[in-house]
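Novice: After the C-alpha cells below, expect a handful of questions from me.
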Amino acid sequence: MKRNQKNITKDLINRQLFIKYEYKKLILKSIMQNKNAKPIVRSYAYFKLINFTKKSSISKQINVCLLRGRTKGVWRFSQLSRHAMNRLAINGSLQNTKIKSW
C-alpha cells in the first residue's frame with residue numbers, strides 16, 4: 001500500500017473512532033453534571049472520561065487530502081490540498097476557477 005493511501009485510510013479510521021468516542025463522551029459528561037446521581041457514579045464517570053485516548057479529541061485530528069494523502073496545505077472546506085486543487089482546476093473539473101499563470 002502506498003504511503004498516500006495509508007494516510008487516507010488512517011485518517012478515515014481516526015475520524016470514525018472520534019465519532020464513536022464522541023457519543024460516549026456526551027453520555028459521561030451528562031452523568032457528571034447530573035446532580036441527582038450518586039457521587040460515586042459521578043466520580044466513576046469522571047474517571048472514565050479522563051482516560052479516553054487522544055484520538056477521541058477533535059483538536060488532535062489532522063486534515064488529510066482526499067486525493068493525494070498530503071497532510072500539509074489542506075483546505076478545511078474542501079478536504080483537498082493546494083496541489084490537488086490546482087490539478088483539478090487545470091483539468092477543468094472545478095467550476096468558476098481561474099488559474100494564474102505567467
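Please note that chains go A, B, ... in the order of the C-alpha cells, that every chain numbers its residues from 1, and that ligands are numbered from 1 in the order shown.
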Within 9 Å of Asp11 of chain A, counting only C-alpha atoms, which residues show up once you throw out same-chain ones fewer than 6 positions away? Write them as a list of chain:residue names, please.
Specialist: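 Once the nearby chain positions are removed, what remains is A:Gln61, A:Ile62, A:Asn63, A:Val64.
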Novice: Would you list, as a ChimeraX atom specification, the residues of segment 22-76 of chain A that end up in alpha helix (DSSP H) under DSSP run on this structure's backbone?
Specialist: /A:22-33,39-50
Novice: Export C-alpha atoms of the chosen residues as a PDB file, in the first residue's frame?
Specialist:
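Once everything was written out, this is out_26.pdb:
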```pdb
ATOM      1  CA  GLU A  22     -17.900  11.466  20.967  1.00  0.00           C
ATOM      2  CA  TYR A  23     -21.176   9.745  21.850  1.00  0.00           C
ATOM      3  CA  LYS A  24     -19.593   8.105  24.889  1.00  0.00           C
ATOM      4  CA  LYS A  25     -18.136  11.438  25.986  1.00  0.00           C
ATOM      5  CA  LEU A  26     -21.540  13.132  25.791  1.00  0.00           C
ATOM      6  CA  ILE A  27     -23.118  10.437  27.933  1.00  0.00           C
ATOM      7  CA  LEU A  28     -20.348  10.590  30.536  1.00  0.00           C
ATOM      8  CA  LYS A  29     -20.484  14.394  30.677  1.00  0.00           C
ATOM      9  CA  SER A  30     -24.218  14.312  31.226  1.00  0.00           C
ATOM     10  CA  ILE A  31     -23.757  11.808  34.060  1.00  0.00           C
ATOM     11  CA  MET A  32     -21.078  14.028  35.625  1.00  0.00           C
ATOM     12  CA  GLN A  33     -23.305  17.103  35.526  1.00  0.00           C
ATOM     13  CA  PRO A  39     -21.328  10.850  43.970  1.00  0.00           C
ATOM     14  CA  ILE A  40     -19.620   7.526  43.350  1.00  0.00           C
ATOM     15  CA  VAL A  41     -21.312   7.207  39.944  1.00  0.00           C
ATOM     16  CA  ARG A  42     -20.340  10.770  39.063  1.00  0.00           C
ATOM     17  CA  SER A  43     -16.719  10.200  40.072  1.00  0.00           C
ATOM     18  CA  TYR A  44     -16.592   6.967  38.052  1.00  0.00           C
ATOM     19  CA  ALA A  45     -17.901   8.835  35.010  1.00  0.00           C
ATOM     20  CA  TYR A  46     -15.194  11.459  35.501  1.00  0.00           C
ATOM     21  CA  PHE A  47     -12.549   8.738  35.798  1.00  0.00           C
ATOM     22  CA  LYS A  48     -13.710   7.113  32.562  1.00  0.00           C
ATOM     23  CA  LEU A  49     -13.799  10.494  30.814  1.00  0.00           C
ATOM     24  CA  ILE A  50     -10.211  11.446  31.582  1.00  0.00           C
TER      25      ILE A  50
END
```
Novice: Which one of A:Lys100, A:Lys35, A:Arg15, A:Arg3 sits closest to Asn86 of chain A if you count only C-alpha atoms?
Specialist: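 Smallest distance to Asn86 of chain A is found for A:Lys100.
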Novice: List the neighbours of Ser81 of chain A out to 12 Å using only C-alpha atoms; skip same-chain residues closer than 2 positions along the sequence, and give me the result as a list in words.
Specialist: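 So the residues in contact are Asn63, Val64, Cys65, Leu66, Leu67, Arg68, Gly69, Arg70, Thr71, Lys72, Gly73, Val74, Trp75, Arg76, Phe77, Ser78, Gln79, His83, Ala84, Met85, Asn86, Arg87 and Leu88 of chain A.
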Novice: Record the distance separating atom CA of Asn7 of chain A and atom CA of Ile19 of chain A, expressed in Å with one decimal.
Specialist: 18.6 Å
Novice: Let me make sure I understand: among A:Leu17, A:Ala37, A:Leu94, A:Ala89, which one has the smallest atom-to-atom distance to Ser57 of chain A if we use only C-alpha atoms?
Specialist: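 Closest to Ser57 of chain A, using only C-alpha atoms: A:Leu17.
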Novice: What is the atom CA of Gln16 of chain A-atom CA of Lys60 of chain A distance in Å, reported with one decimal?
Specialist: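 That distance, rounded to one decimal, is 13.5 Å.
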Novice: Write out as a ChimeraX atom specification all residues of chain A that DSSP puts in strand (DSSP E) for this structure's backbone.
Specialist: /A:74-75,80-81
